[in-house]
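Text of target.txt (compact mmCIF, C-alpha atoms) as supplied:
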# COMPACT_ATOMS: atom_id res chain seq x y z
CA MET A 104 30.30 158.36 46.02
CA SER A 105 29.99 161.97 47.20
CA GLU A 106 28.31 163.12 50.37
CA GLU A 107 25.49 164.70 48.33
CA ASP A 108 24.73 161.36 46.65
CA ASN A 109 24.59 159.62 50.02
CA ARG A 110 22.10 162.18 51.31
CA LEU A 111 19.88 161.77 48.24
CA ASN A 112 19.97 157.97 48.56
CA GLU A 113 18.96 158.16 52.23
CA LEU A 114 16.23 160.71 51.52
CA PHE A 115 14.65 158.85 48.56
CA ALA A 116 15.24 155.29 49.80
CA ASN A 117 12.45 152.87 48.69
CA ASP A 118 11.74 149.15 48.42
CA LEU A 119 10.50 149.29 44.80
CA GLY A 120 13.93 149.41 43.19
CA VAL A 121 13.49 152.97 41.84
CA GLN A 122 16.76 154.81 41.45
CA PRO A 123 16.91 157.98 43.62
CA PRO A 124 17.63 161.40 41.97
CA CYS A 125 21.26 161.89 41.10
CA GLU A 126 21.07 165.69 41.65
CA ARG A 127 18.90 168.35 43.27
CA SER A 128 16.95 169.41 40.15
CA LEU A 129 13.27 169.59 39.24
CA LYS A 130 13.76 167.45 36.14
CA GLU A 131 15.48 164.67 38.05
CA GLY A 132 12.85 164.91 40.79
CA ARG A 133 10.00 164.60 38.23
CA ARG A 134 11.73 161.60 36.72
CA PHE A 135 11.92 159.92 40.13
CA LEU A 136 8.25 160.68 40.95
CA ASN A 137 7.10 159.26 37.61
CA ASP A 138 9.15 156.06 38.07
CA PHE A 139 8.04 155.70 41.70
CA GLU A 140 4.31 155.97 40.89
CA ILE A 141 4.61 153.51 38.01
CA ALA A 142 6.50 151.04 40.22
CA ALA A 143 3.90 151.46 42.98
CA LYS A 144 1.06 150.71 40.54
CA LYS A 145 2.90 147.66 39.27
CA LYS A 146 3.39 146.50 42.84
CA LEU A 147 -0.33 146.87 43.57
CA LEU A 148 -1.26 145.02 40.38
CA GLU A 149 1.18 142.25 41.29
CA LEU A 150 -0.41 141.91 44.74
CA GLU A 151 -3.88 141.66 43.24
CA ARG A 152 -2.66 139.13 40.69
CA LYS A 153 -1.22 137.00 43.49
CA ALA A 154 -4.52 137.27 45.35
CA LEU A 155 -6.37 135.98 42.27
CA GLU A 156 -3.86 133.13 41.89
CA ASP A 157 -4.35 132.21 45.52
CA LYS A 158 -8.09 132.21 44.94
CA GLU A 159 -7.72 129.89 41.92
CA LYS A 160 -5.53 127.47 43.87
CA ASN A 161 -8.17 127.19 46.58
CA LEU A 162 -11.33 126.73 44.48
CA ASN A 163 -12.45 123.81 46.67
CA PHE A 164 -12.40 126.06 49.74
CA VAL A 165 -14.52 129.06 48.81
CA VAL A 166 -14.57 130.64 52.22
CA GLU A 167 -10.82 130.40 52.52
CA SER A 168 -10.43 131.98 49.08
CA GLU A 169 -12.67 134.86 50.10
CA ARG A 170 -10.65 135.40 53.24
CA THR A 171 -7.38 135.24 51.30
CA LEU A 172 -8.68 137.72 48.70
CA PHE A 173 -9.86 140.05 51.44
CA ASN A 174 -6.50 139.94 53.20
CA SER A 175 -4.67 140.51 49.92
CA LYS A 176 -6.86 143.51 49.12
CA LYS A 177 -6.31 144.83 52.60
CA ARG A 178 -2.56 144.50 52.19
CA ALA A 179 -2.80 146.22 48.80
CA PHE A 180 -4.83 149.03 50.34
CA ASP A 181 -2.32 149.44 53.16
CA ASN A 182 0.54 149.41 50.68
CA ASP A 183 -1.34 151.93 48.54
CA GLU A 184 -1.66 154.26 51.53
CA CYS A 185 2.00 153.76 52.35
CA TYR A 186 3.07 154.48 48.80
CA ASN A 187 0.75 157.53 48.63
CA ASP A 188 2.35 158.91 51.78
CA ARG A 189 5.78 158.32 50.33
CA CYS A 190 4.70 159.97 47.08
CA LYS A 191 3.44 163.01 48.99
CA LEU A 192 6.74 163.24 50.83
CA PHE A 193 8.79 162.90 47.66
CA ARG A 194 6.49 165.32 45.77
CA GLY A 195 6.92 167.94 48.48
CA ILE A 196 10.69 167.66 48.22
CA VAL A 197 10.60 167.87 44.42
CA ASN A 198 8.21 170.86 44.47
CA GLU A 199 10.57 172.63 46.80
CA TRP A 200 13.35 171.98 44.31
CA GLY A 201 11.11 173.36 41.52
CA ARG A 202 10.33 176.54 43.44
CA SER A 203 14.00 177.12 43.98
CA GLU A 204 14.69 176.68 40.25
CA ARG A 205 11.96 179.05 39.01
CA THR A 206 13.01 182.47 37.89
CA LEU A 207 11.12 185.72 38.31
CA ASP A 208 9.93 185.53 34.67
CA SER A 209 8.32 182.12 35.05
CA LEU A 210 6.54 182.50 38.39
CA ASP A 211 3.04 182.52 36.77
CA GLU A 212 3.22 179.06 35.16
CA PRO A 213 5.54 176.01 35.19
CA PRO A 214 8.18 175.51 32.53
CA ALA A 215 7.22 174.03 29.18
CA TRP A 216 9.19 170.86 29.71
CA PHE A 217 7.36 170.34 33.00
CA ARG A 218 3.96 170.78 31.36
CA ARG A 219 4.97 168.40 28.56
CA GLU A 220 6.15 165.69 30.93
CA MET A 221 3.10 166.13 33.15
CA GLY A 222 0.84 165.73 30.11
CA GLU A 223 2.59 162.52 29.12
CA TRP A 224 2.48 161.27 32.66
CA LYS A 225 -1.26 161.99 33.00
CA LYS A 226 -1.96 160.26 29.70
CA ALA A 227 0.04 157.18 30.77
CA ARG A 228 -1.73 157.25 34.11
CA GLU A 229 -5.17 157.31 32.49
CA GLU A 230 -4.18 154.41 30.24
CA ASP A 231 -2.92 152.44 33.23
CA LYS A 232 -6.14 153.14 35.11
CA ALA A 233 -8.24 151.98 32.14
CA GLU A 234 -6.21 148.78 31.77
CA TRP A 235 -6.29 148.11 35.48
CA LYS A 236 -10.08 148.69 35.60
CA LYS A 237 -10.62 146.38 32.62
CA ALA A 238 -8.43 143.66 34.14
CA ARG A 239 -10.25 144.03 37.43
CA GLU A 240 -13.65 143.61 35.77
CA GLU A 241 -12.42 140.51 33.94
CA ASP A 242 -11.07 139.07 37.17
CA LYS A 243 -14.39 139.71 38.90
CA ALA A 244 -16.27 137.93 36.13
CA GLU A 245 -13.91 134.96 36.23
CA TRP A 246 -14.08 134.81 39.99
CA LYS A 247 -17.89 134.92 39.94
CA LYS A 248 -18.00 132.17 37.33
CA ALA A 249 -15.55 130.02 39.28
CA ARG A 250 -17.57 130.58 42.44
CA GLU A 251 -20.75 129.40 40.75
CA GLU A 252 -18.96 126.32 39.43
CA ASP A 253 -17.57 125.60 42.88
CA LYS A 254 -21.04 125.88 44.39
CA ALA A 255 -22.44 123.46 41.83
CA GLU A 256 -19.63 120.97 42.40
CA TRP A 257 -19.93 121.29 46.15
CA LYS A 258 -23.69 120.69 45.97
CA LYS A 259 -23.18 117.65 43.75
CA ALA A 260 -20.50 116.26 46.05
CA ARG A 261 -22.75 116.81 49.04
CA GLU A 262 -25.57 114.86 47.42
CA GLU A 263 -23.17 112.03 46.58
CA ASP A 264 -21.88 112.00 50.15
CA LYS A 265 -25.42 111.81 51.47
CA ALA A 266 -26.21 108.85 49.23
CA GLU A 267 -23.02 107.05 50.23
CA TRP A 268 -23.63 107.77 53.90
CA LYS A 269 -27.19 106.45 53.66
CA LYS A 270 -25.98 103.30 51.90
CA ALA A 271 -23.22 102.77 54.47
CA ARG A 272 -25.72 103.25 57.29
CA GLU A 273 -28.00 100.56 55.86
CA GLU A 274 -25.04 98.20 55.52
CA ASP A 275 -23.98 98.93 59.10
CA LYS A 276 -27.49 98.16 60.33
CA ALA A 277 -27.50 94.83 58.51
CA GLU A 278 -24.06 93.95 59.86
CA TRP A 279 -25.06 94.97 63.37
CA LYS A 280 -28.18 92.80 63.19
CA LYS A 281 -26.13 89.88 61.96
CA ALA A 282 -23.53 90.43 64.68
CA ARG A 283 -26.29 90.51 67.29
CA GLU A 284 -27.58 87.14 66.14
CA GLU A 285 -24.06 85.75 66.25
CA ASP A 286 -23.65 87.18 69.73
CA LYS A 287 -26.73 85.28 70.89
CA GLU A 288 -25.32 82.06 69.52
CA TRP A 289 -22.00 82.81 71.19
CA ARG A 290 -23.73 83.36 74.53
CA ASN A 291 -25.52 80.03 74.24
CA SER A 292 -22.24 78.29 73.43
CA MET A 293 -20.61 80.05 76.39
CA ASP A 294 -23.34 78.74 78.71
CA GLU A 295 -22.69 75.22 77.48
CA TRP A 296 -18.98 75.76 77.89
CA ARG A 297 -19.49 76.91 81.49
CA LYS A 298 -21.47 73.75 82.23
CA SER A 299 -18.75 71.60 80.74
CA MET A 300 -16.15 73.53 82.74
CA ASP A 301 -18.08 72.86 85.96
CA GLU A 302 -18.12 69.16 85.17
CA TRP A 303 -14.43 69.29 84.34
CA ARG A 304 -13.71 70.98 87.68
CA LYS A 305 -15.56 68.22 89.51
CA SER A 306 -13.60 65.57 87.65
CA MET A 307 -10.38 67.46 88.40
CA ASP A 308 -11.22 67.53 92.11
CA GLU A 309 -11.71 63.77 92.05
CA TRP A 310 -8.48 63.38 90.12
CA ARG A 311 -6.65 65.49 92.71
CA LYS A 312 -7.95 63.28 95.50
CA SER A 313 -6.80 60.17 93.67
CA MET A 314 -3.43 61.82 93.02
CA ASP A 315 -3.06 62.64 96.72
CA GLU A 316 -3.70 59.00 97.59
CA TRP A 317 -1.25 57.93 94.90
CA ARG A 318 1.38 60.31 96.31
CA LYS A 319 0.94 58.85 99.77
CA SER A 320 1.34 55.32 98.48
CA THR A 321 4.31 56.43 96.39
CA ASP A 322 5.97 58.02 99.41
CA GLU A 323 5.58 54.79 101.37
CA TRP A 324 6.94 52.81 98.44
CA ARG A 325 9.91 55.17 98.19
CA LYS A 326 10.70 54.75 101.85
CA SER A 327 10.60 50.97 101.61
CA THR A 328 12.59 51.08 98.37
CA ASP A 329 15.22 53.33 99.96
CA GLU A 330 15.60 50.89 102.83
CA ARG A 331 15.93 47.97 100.43
CA LEU A 332 18.45 49.86 98.32
CA GLU A 333 20.47 50.72 101.40
CA ASN A 334 20.54 47.06 102.42
CA LEU A 335 21.48 46.07 98.89
CA LEU A 336 24.28 48.64 98.82
CA ASN A 337 25.63 47.30 102.08
CA ILE A 338 25.61 43.79 100.64
CA VAL A 339 27.36 45.01 97.48
CA ARG A 340 29.98 46.81 99.58
CA GLU A 341 30.62 43.62 101.52
CA ILE A 342 30.90 41.64 98.28
CA LEU A 343 33.34 44.22 96.87
CA ASP A 344 35.44 44.03 100.03
CA VAL A 345 35.52 40.23 99.80
CA GLN A 346 36.37 40.45 96.11
CA ARG A 347 39.20 42.89 96.85
CA ASP A 348 40.58 40.55 99.50
CA MET A 349 40.32 37.63 97.10
CA ARG A 350 42.18 39.58 94.43
CA ASN A 351 44.93 40.44 96.86
CA ASP A 352 45.19 36.81 97.96
CA LEU A 353 45.19 35.66 94.35
CA SER A 354 47.89 38.17 93.48
CA ASN A 355 50.02 36.99 96.37
CA LEU A 356 49.42 33.40 95.35
CA THR A 357 50.38 34.19 91.76
CA ARG A 358 53.61 35.80 92.88
CA LYS A 359 54.38 32.78 95.03
CA VAL A 360 53.65 30.43 92.15
CA ASP A 361 55.87 32.50 89.85
CA ARG A 362 58.66 32.33 92.36
CA MET A 363 58.16 28.61 92.75
CA ASP A 364 58.19 28.20 88.97
CA MET A 365 61.44 30.15 88.75
CA ARG A 366 62.98 28.10 91.58
CA LEU A 367 61.83 24.80 90.06
CA SER A 368 63.31 25.76 86.70
CA ARG A 369 66.56 26.78 88.37
CA ASN A 370 66.72 23.56 90.42
CA ASN A 371 65.99 21.56 87.29
CA ASN A 372 68.84 23.34 85.52
CA MET A 373 71.17 22.62 88.45
CA ILE A 374 70.33 18.91 88.12
CA MET A 375 70.79 19.05 84.34
CA ARG A 376 74.21 20.70 84.73
CA SER A 377 75.30 17.99 87.18
CA PHE A 378 74.89 15.61 84.26
CA ALA A 379 76.65 18.06 81.90
CA GLN A 380 73.44 18.77 80.01
CA PRO A 381 72.38 22.17 78.63
CA ILE A 382 69.88 24.07 80.74
CA THR A 383 66.35 25.18 79.84
CA GLU A 384 64.97 28.71 79.85
CA VAL A 385 64.11 30.02 83.33
CA PRO A 386 61.01 32.28 83.65
CA PHE A 387 61.41 35.75 85.14
CA PHE A 388 60.51 36.64 88.69
CA ASN A 389 56.98 37.76 87.65
CA GLY A 390 56.34 34.55 85.69
CA ASP A 391 56.95 36.03 82.20
CA ILE A 392 59.15 34.31 79.66
CA PRO A 393 62.26 36.35 78.69
CA ASP A 394 61.84 38.55 75.63
CA PRO A 395 62.51 36.80 72.29
CA ASN A 396 65.05 39.48 71.36
CA LEU A 397 67.25 38.50 74.34
CA PRO A 398 69.95 35.85 73.64
CA ARG A 399 69.06 32.35 74.90
CA ILE A 400 71.03 31.01 77.87
CA THR A 401 71.72 27.25 77.69
CA ARG A 402 75.31 27.14 78.98
CA ILE A 403 77.89 29.23 80.80
CA GLU A 404 79.46 30.50 77.56
CA ASP A 405 76.15 32.14 76.58
CA ILE A 406 76.31 34.30 79.72
CA ASP A 407 79.93 35.23 79.01
CA SER A 408 78.94 36.50 75.53
CA LEU A 409 76.13 38.74 76.83
CA SER A 410 76.40 42.49 76.51
CA GLU A 411 76.15 44.80 79.48
CA GLU A 412 72.60 45.85 78.56
CA ASN A 413 71.30 42.29 78.07
CA CYS A 414 72.95 41.16 81.29
CA THR A 415 71.25 43.91 83.31
CA ARG A 416 67.90 43.07 81.71
CA TYR A 417 68.27 39.43 82.80
CA LEU A 418 69.29 40.43 86.33
CA LYS A 419 66.30 42.76 86.68
CA GLY A 420 63.95 40.11 85.29
CA TYR A 421 65.13 37.53 87.85
CA GLY A 422 64.98 40.05 90.69
CA VAL A 423 68.72 39.86 91.42
CA SER A 424 70.19 42.88 93.19
CA TYR A 425 73.55 43.93 91.79
CA ASP A 426 76.15 46.61 92.33
CA GLU A 427 76.31 48.94 89.37
CA ASN A 428 79.90 49.90 90.16
CA ASP A 429 81.18 46.27 90.28
CA GLN A 430 80.44 44.67 86.89
CA SER A 431 82.75 41.69 87.52
CA LEU A 432 80.08 39.94 89.61
CA TRP A 433 77.12 40.48 87.25
CA LYS A 434 77.72 37.42 85.08
CA ARG A 435 78.41 35.18 88.11
CA GLN A 436 75.15 36.33 89.77
CA LEU A 437 73.22 35.65 86.56
CA ALA A 438 74.75 32.15 86.29
CA LYS A 439 73.56 31.29 89.81
CA ALA A 440 70.11 32.73 89.03
CA VAL A 441 69.58 30.37 86.05
CA GLY A 442 71.09 27.26 87.80
CA LEU A 443 74.60 27.14 86.28
CA THR A 444 76.21 25.98 89.54
CA ALA A 445 78.11 22.86 88.45
CA ALA A 446 81.83 22.54 89.17
CA TYR A 447 82.69 23.46 85.60
CA ASP A 448 80.44 26.50 85.78
CA GLU A 449 81.89 27.60 89.10
CA SER A 450 85.43 27.33 87.80
CA TYR A 451 84.68 29.22 84.57
CA THR A 452 86.40 32.58 84.32
CA PHE A 453 84.21 35.31 82.82
CA SER A 454 85.64 37.92 80.53
CA PRO A 455 84.84 41.60 81.22
CA PHE A 456 82.28 43.51 79.13
CA SER A 457 83.82 44.92 76.00
CA SER A 458 83.76 48.72 75.57
CA SER A 459 82.45 48.39 72.00
CA GLU A 460 79.31 46.80 73.32
Represent the structure from my file as C-alpha cells, please.
Amino acid sequence: MSEEDNRLNELFANDLGVQPPCERSLKEGRRFLNDFEIAAKKKLLELERKALEDKEKNLNFVVESERTLFNSKKRAFDNDECYNDRCKLFRGIVNEWGRSERTLDSLDEPPAWFRREMGEWKKAREEDKAEWKKAREEDKAEWKKAREEDKAEWKKAREEDKAEWKKAREEDKAEWKKAREEDKEWRNSMDEWRKSMDEWRKSMDEWRKSMDEWRKSTDEWRKSTDERLENLLNIVREILDVQRDMRNDLSNLTRKVDRMDMRLSRNNNMIMRSFAQPITEVPFFNGDIPDPNLPRITRIEDIDSLSEENCTRYLKGYGVSYDENDQSLWKRQLAKAVGLTAAYDESYTFSPFSSSE
C-alpha cells in the first residue's frame, strides 16, 4: 500500500464500513460521499428499528419503553449530528478536489457527469426520505395502538388485583378472629397449667424433704453396712488363712503317707524276697503308680533288662539320687529302692546298658 493510500485511509476513516477514496479525484470523492450518506441513513434507521424492538419487548412496562425510545432517539440524533459533521468535513475535502479539477472553460457550472450523479443521488435521497417517513408513521400508529392495549390490560389487571386483595383481606380478618379466639382458649389452658405446676412444685418440695430424710437413713445404713462388711472380710481372711494352713498340713501329710506307702511296699518286697517270692509293684515317691508303658519289675532280672531311659524314669519316680556319669550303680540303686535286697539279689551281677538301646 502506497503512502498516498495510507493518507486517504486516515483522512476518510469511518465506522460505517464505507471504503475511502482510492485517489484524489472529484468522481471518487462523490462516490464516497454518496456511499457515506446512504450508510449513515441506514445506521439511523437501524437505531430506530432497535428502539421500536426494545419498546415491543417491554410492553408491560410502558414508562420504561418511553424512556428507552427517548434514549434511542437521542442517540440517533447525536449520531445524526456526528455523521452530518463528518459529511461536511468530507464534502469540503471533495469540493476542494473538484475545484482543483475544474478547467477555465467549465468554471460557470459543474461537469455533466457531476450533475447527472447529483440528480440520481437527490432522487434516491427523496425516495429514502419518503420511505423513512412512511415507516415512521406506521411505527407511530403501531406504538400508539400497543400503548392503548397496554393501558387496557394494565387497568384490567389492576381491577383483578384489587378484587384479589379485597378477598385476601377478608380471609385474613376471618383467620385473625379465629386465631384470637384460639389465643383466649390457650391463655385459659395456660392458667390451668400454671396452677397445676404450682401444685406440682409443692409436691416436689415435699418429695425433696422425704428424699433428704431417706438419704440420711441411707447414709447411716451404709456406715453400719460398711462396718459389718469389714468385720465379715476379716472373718473371711482368717478362714482363708486357716484353710491355707490346713492345705499345707494336708499336703505334708499326703507326702508323708506316700513315703510310708512306698516304704511299706519296699519292706513287703524285702520280706517276699526272703522267701524267694516275686515282688509287687512299688508306688512312686509322690504316691502315683508307675506308668503302664514302663516294664513291670517283679524280680532282679527285670531290672537287668531295663533300658537306660526306663531305668532313669524309675529312679526319678522313687526319688533316688544317682550319678549320671556312673551308670554301673543305677540298676543296683533301683533294686534297693524296690526291695530286691535278698542274698541272691545282692550277689547278682548286672550287665551294662547296651549301646543299641
Which polymer residues, protein or nucleic acid, are no farther than 8 Å from (69.8, 29.6, 75.8), counting all atoms listed in the file, as a list of chain:residue names?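 Taken together, the residues in range are A:Ile382, A:Thr383, A:Glu384, A:Pro398, A:Arg399, A:Ile400, A:Thr401, A:Arg402, A:Asp405.
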May I ask which of the residues A:Lys160, A:Arg369, A:Arg325, A:Arg152 is the closest one to Ala238 of chain A, counting only C-alpha atoms? A:Arg152
Could you name the residues that touch segment 440-445 of chain A at 10 Å or less, counting only C-alpha atoms, but leaving out those on the same chain fewer than 6 positions away, as a PyMOL selection string? chain A and resi 365-379+381-387+400-403+406+417-418+421-423+434+451
Separation of atom CA of Lys225 of chain A and atom CA of Leu192 of chain A, in Å? 19.6 Å
Could you state the separation of atom CA of Val339 of chain A and atom CA of Asp322 of chain A in Å, given to one decimal place?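 Atom CA of Asp322 of chain A lies 25.1 Å from atom CA of Val339 of chain A.
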Which one of A:Leu114, A:Gly222, A:Arg189, A:Trp235 sits closest to Leu148 of chain A if you count all atoms listed in the file?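 Going through A:Leu114, A:Gly222, A:Arg189, A:Trp235 one by one, the smallest distance to Leu148 of chain A is for A:Trp235.
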